[in-house]
Amino acid sequence: MTYVPQNPLVVQSDQTLLLETSSPAFEDARDALLAFAELVKSPEYVHTWRITPLSLWNAASAGHTADEVVAVLERYARYPVPGVVNETIRLQMDRYGRLRLVRDGRWLRLESDDPLDLEEVKSIAQVGDLFAESADRAALRVHPRRRGELKRMLTTLGHPVRDLAGYDDGDELRMDLAGSWSLRDYQVAAIDSFLRGPGAGSGVVVLPCGAGKTVVGVGAMARLGMRTLVLCTGSTAVQQWKREILARTTLTDDQVGEYGAARKELRPVTLTTYQMLSWRKSKVQAPAHFDLFHRANWGLVIYDEVHLLPAPMFRETAALQSRRRLGLTGTLVREDGRETDVFALVGPKLFDVPWKVLEHQGWIATARCVEIKVPFSDTDRLRYLTAPARTKSRLASTNARKGPVVEALLERHRGEQILVLGTDLDQLRFLARKLDVPIVTGETGAAEREELFGAFRRREIPVLALSKVGNFSIDLPGASVAIQVSGTFGSRQEEAQRLGRILRPHPDGRPAAFYTLVTADSDEEDYAQRRQLFLTEQGYPYRIERAA
């Protein structure tokens, strides 16, 4: 390959990729990289990506080959691709599938075409006690209960396992899709990716908020026809799932149950929350409700917003490997870095569509993302500069001058449905009082919360303030403007969820507007840059304005 000056990509020997945004081929190259690389940072002119073992294993699990990945790099590279990069890609992608877990009667077998792979695995002290005695030198015998633990440990150590052991069928549940609606092409493709092919039955579907992840889950339930457990992020999400299931299928109310604090219904389809299953009486006791995983013959377990899966749930998910598992999310980013555990225990990424593709097809709204830099007053700036490090972040996020900017934005978008989103409760309550708008926080009762959400959907309330409850699955299809006044230390998870609140297409085709208020010359600017990574990865340009 020779030097191609018009190409946008520089491939470096450390697996770092530099992508020039001004190139006419930028968008095509960006969309191609999404299949096998991770975005690291995205300033204005050059975006930095990195190829990682996990990104390559996900690509391999989705059916991409090393030749295809190398071909993409060579197609867009300005300079010759370093040989070490091609070798690393082939090595890592070859690792996925070399170790295979298959069923062997009542046992499982870990097998490989190369006996030396098994010798290497046996030599790893951390996993040695997971194998049973066996005379078969071509495979290692594994007890079914150790299936998840083995996969998690080997994946963490750089040996991803392709799980071909299959799944136990749960109790039959006859149901059909009902009503005048139909699945979209990409939703059908997502369901197909989960239910077809070798190893099908466990994995993650990545779709932007507003693209119908819940519908994908409902469609998978209908196609599979088995007893289902759905794990949700909160009580509001439980109610939304229940409404969707009853509206879109032939299931009746007595077949769909809620397992929560108020009532513990065990039905053919049971909905519960991560908080409920993770709750424990004390730190030294085991979670009180983990037995729900084993109290019924589930054929499918759905993890809604799987990127938020609490750490205590990983252990129980590891013991649930004989059940089909579907993870749904708008982003696989985890701020605790445990993406590898999601890969090993819930399953690899099976399906992903760039947000901008669905936007161009009209399934989600076009969004304008604007960062507004808000200066401190002289008095507040002095307080900030002399404050202890632990209080600087709060002083920046609660900058009093953000209030008039919010008022100006509400006036600019008068007549639209607007969400004011924040993390600091005192700040949000102050704004709600000053603006005379209702507020929903974690302390708002379920009945009042549903009443306010319903009034917002009916356009009886034009502006609604939301705390971190707005980061989770909430169905507010009329919202077209979001004003973010404070956030959680640069969380890309949070950015994805908040943007998703306003991505339902508007009837008149108007674009959605997503504003982030950032205090100028403060550490909030650093956090804001991290939060932009997710949006830029999805192809959303960020415009920066300065408040007067």
# chains A, B, ... in the order shown; residues from 1 in each chain; ligands from 1
>>> residues_around(residues="Val353 (chain A)", least_positions_apart="6", cutoff="10 Å", atoms="only C-alpha atoms", output="tab-separated table (two decimals) with C-alpha atoms, in the first residue's frame")
chain	number	residue	atom	x	y	z
A	31	ASP	CA	-19.08	4.05	10.67
A	34	LEU	CA	-17.56	1.26	14.98
A	35	ALA	CA	-17.57	-2.46	14.20
A	186	TYR	CA	-33.63	-3.32	11.96
A	190	ALA	CA	-31.76	-7.57	15.91
A	205	VAL	CA	-28.39	-5.67	21.20
A	206	VAL	CA	-27.25	-2.05	21.04
A	207	LEU	CA	-29.85	0.45	19.82
A	208	PRO	CA	-30.21	4.15	20.59
A	211	ALA	CA	-35.31	3.18	18.53
A	330	GLY	CA	-28.03	2.22	24.02
A	538	GLN	CA	-22.50	8.46	17.31
>>> select_by_dssp(residues="region 193-356 of chain A", states="strand (DSSP E or B)", output="JSON, numbers by chain")
{"A": [202, 203, 204, 205, 206, 226, 228, 229, 230, 231, 232, 249, 256, 257, 258, 259, 264, 269, 270, 271, 272, 273, 300, 301, 302, 303, 304, 324, 325, 326, 327, 328, 329, 349, 350, 351, 352]}
>>> atom_distance(atom1="CA of Leu517 (chain A)", atom2="CA of Arg429 (chain A)")
16.8 Å
>>> residues_around(residues="Thr65 (chain A)", least_positions_apart="4", cutoff="12 Å", atoms="only C-alpha atoms", output="list in words")
Ala35, Phe36, Leu56, Trp57, Asn58, Ala59, Ala60, Ser61, Val69, Val70, Ala71, Val72, Ile89, Arg90, Leu91, Gln92, Met93, Asp94, Arg95, Tyr96 and Gly97 of chain A
>>> write_last_selection(atoms="C-alpha atoms", output="PDB file, in the first residue's frame")
ATOM      1  CA  ALA A  35     -17.570  -2.462  14.197  1.00  0.00           C
ATOM      2  CA  PHE A  36     -14.160  -3.178  15.739  1.00  0.00           C
ATOM      3  CA  LEU A  56     -11.996  -7.338  18.259  1.00  0.00           C
ATOM      4  CA  TRP A  57     -13.723 -10.207  20.095  1.00  0.00           C
ATOM      5  CA  ASN A  58     -17.057  -8.436  19.715  1.00  0.00           C
ATOM      6  CA  ALA A  59     -16.330  -8.002  16.018  1.00  0.00           C
ATOM      7  CA  ALA A  60     -15.475 -11.683  15.681  1.00  0.00           C
ATOM      8  CA  SER A  61     -18.626 -12.734  17.544  1.00  0.00           C
ATOM      9  CA  VAL A  69     -10.958  -5.534   9.617  1.00  0.00           C
ATOM     10  CA  VAL A  70      -7.558  -5.248   7.967  1.00  0.00           C
ATOM     11  CA  ALA A  71      -9.246  -4.330   4.680  1.00  0.00           C
ATOM     12  CA  VAL A  72     -11.092  -1.439   6.364  1.00  0.00           C
ATOM     13  CA  ILE A  89      -5.771  -8.113  14.795  1.00  0.00           C
ATOM     14  CA  ARG A  90      -5.343 -11.615  13.426  1.00  0.00           C
ATOM     15  CA  LEU A  91      -4.039 -12.927  16.740  1.00  0.00           C
ATOM     16  CA  GLN A  92      -6.869 -11.492  18.850  1.00  0.00           C
ATOM     17  CA  MET A  93      -9.678 -12.370  16.456  1.00  0.00           C
ATOM     18  CA  ASP A  94      -8.268 -15.866  16.082  1.00  0.00           C
ATOM     19  CA  ARG A  95      -8.528 -16.264  19.861  1.00  0.00           C
ATOM     20  CA  TYR A  96     -12.312 -15.940  19.773  1.00  0.00           C
ATOM     21  CA  GLY A  97     -13.589 -19.428  19.011  1.00  0.00           C
TER      22      GLY A  97
END
>>> select_by_dssp(residues="region 280-375 of chain A", states="helix (DSSP H, G or I)", output="NGL selection string")
:A and (290-294 or 306-308 or 311-318 or 339-345 or 355-360)
>>> residues_around(residues="Tyr45 (chain A)", least_positions_apart="2", cutoff="7 Å", atoms="only C-alpha atoms", output="count of residues only")
5
>>> atom_distance(atom1="CA of Ser397 (chain A)", atom2="CA of Leu428 (chain A)")
10.9 Å
>>> decode(residues="region 436-469 of chain A", atoms="C-alpha atoms", output="PDB file, in the first residue's frame")
ATOM      1  CA  ASP A 436     -42.587  27.129  38.619  1.00  0.00           C
ATOM      2  CA  VAL A 437     -42.255  23.718  36.988  1.00  0.00           C
ATOM      3  CA  PRO A 438     -42.915  20.272  38.503  1.00  0.00           C
ATOM      4  CA  ILE A 439     -39.990  18.072  39.471  1.00  0.00           C
ATOM      5  CA  VAL A 440     -39.492  14.303  39.626  1.00  0.00           C
ATOM      6  CA  THR A 441     -36.710  12.860  41.812  1.00  0.00           C
ATOM      7  CA  GLY A 442     -36.019   9.488  43.358  1.00  0.00           C
ATOM      8  CA  GLU A 443     -38.098  10.615  46.345  1.00  0.00           C
ATOM      9  CA  THR A 444     -41.210  11.184  44.221  1.00  0.00           C
ATOM     10  CA  GLY A 445     -43.775   8.446  44.895  1.00  0.00           C
ATOM     11  CA  ALA A 446     -44.651   6.058  42.095  1.00  0.00           C
ATOM     12  CA  ALA A 447     -48.234   7.321  41.775  1.00  0.00           C
ATOM     13  CA  GLU A 448     -47.222  10.997  41.641  1.00  0.00           C
ATOM     14  CA  ARG A 449     -44.413  10.181  39.211  1.00  0.00           C
ATOM     15  CA  GLU A 450     -46.773   8.415  36.811  1.00  0.00           C
ATOM     16  CA  GLU A 451     -49.292  11.268  37.121  1.00  0.00           C
ATOM     17  CA  LEU A 452     -46.639  13.851  36.158  1.00  0.00           C
ATOM     18  CA  PHE A 453     -45.291  11.736  33.300  1.00  0.00           C
ATOM     19  CA  GLY A 454     -48.832  11.249  32.000  1.00  0.00           C
ATOM     20  CA  ALA A 455     -49.554  14.985  32.138  1.00  0.00           C
ATOM     21  CA  PHE A 456     -46.313  15.682  30.264  1.00  0.00           C
ATOM     22  CA  ARG A 457     -47.232  13.144  27.570  1.00  0.00           C
ATOM     23  CA  ARG A 458     -50.653  14.816  27.200  1.00  0.00           C
ATOM     24  CA  ARG A 459     -48.909  18.202  26.865  1.00  0.00           C
ATOM     25  CA  GLU A 460     -50.672  19.498  29.982  1.00  0.00           C
ATOM     26  CA  ILE A 461     -47.200  20.213  31.411  1.00  0.00           C
ATOM     27  CA  PRO A 462     -44.769  21.887  28.985  1.00  0.00           C
ATOM     28  CA  VAL A 463     -41.657  21.701  31.206  1.00  0.00           C
ATOM     29  CA  LEU A 464     -40.585  18.939  33.574  1.00  0.00           C
ATOM     30  CA  ALA A 465     -37.482  18.839  35.794  1.00  0.00           C
ATOM     31  CA  LEU A 466     -35.865  15.414  36.240  1.00  0.00           C
ATOM     32  CA  SER A 467     -33.096  14.235  38.547  1.00  0.00           C
ATOM     33  CA  LYS A 468     -31.085  11.079  37.807  1.00  0.00           C
ATOM     34  CA  VAL A 469     -34.372   9.200  37.348  1.00  0.00           C
TER      35      VAL A 469
END
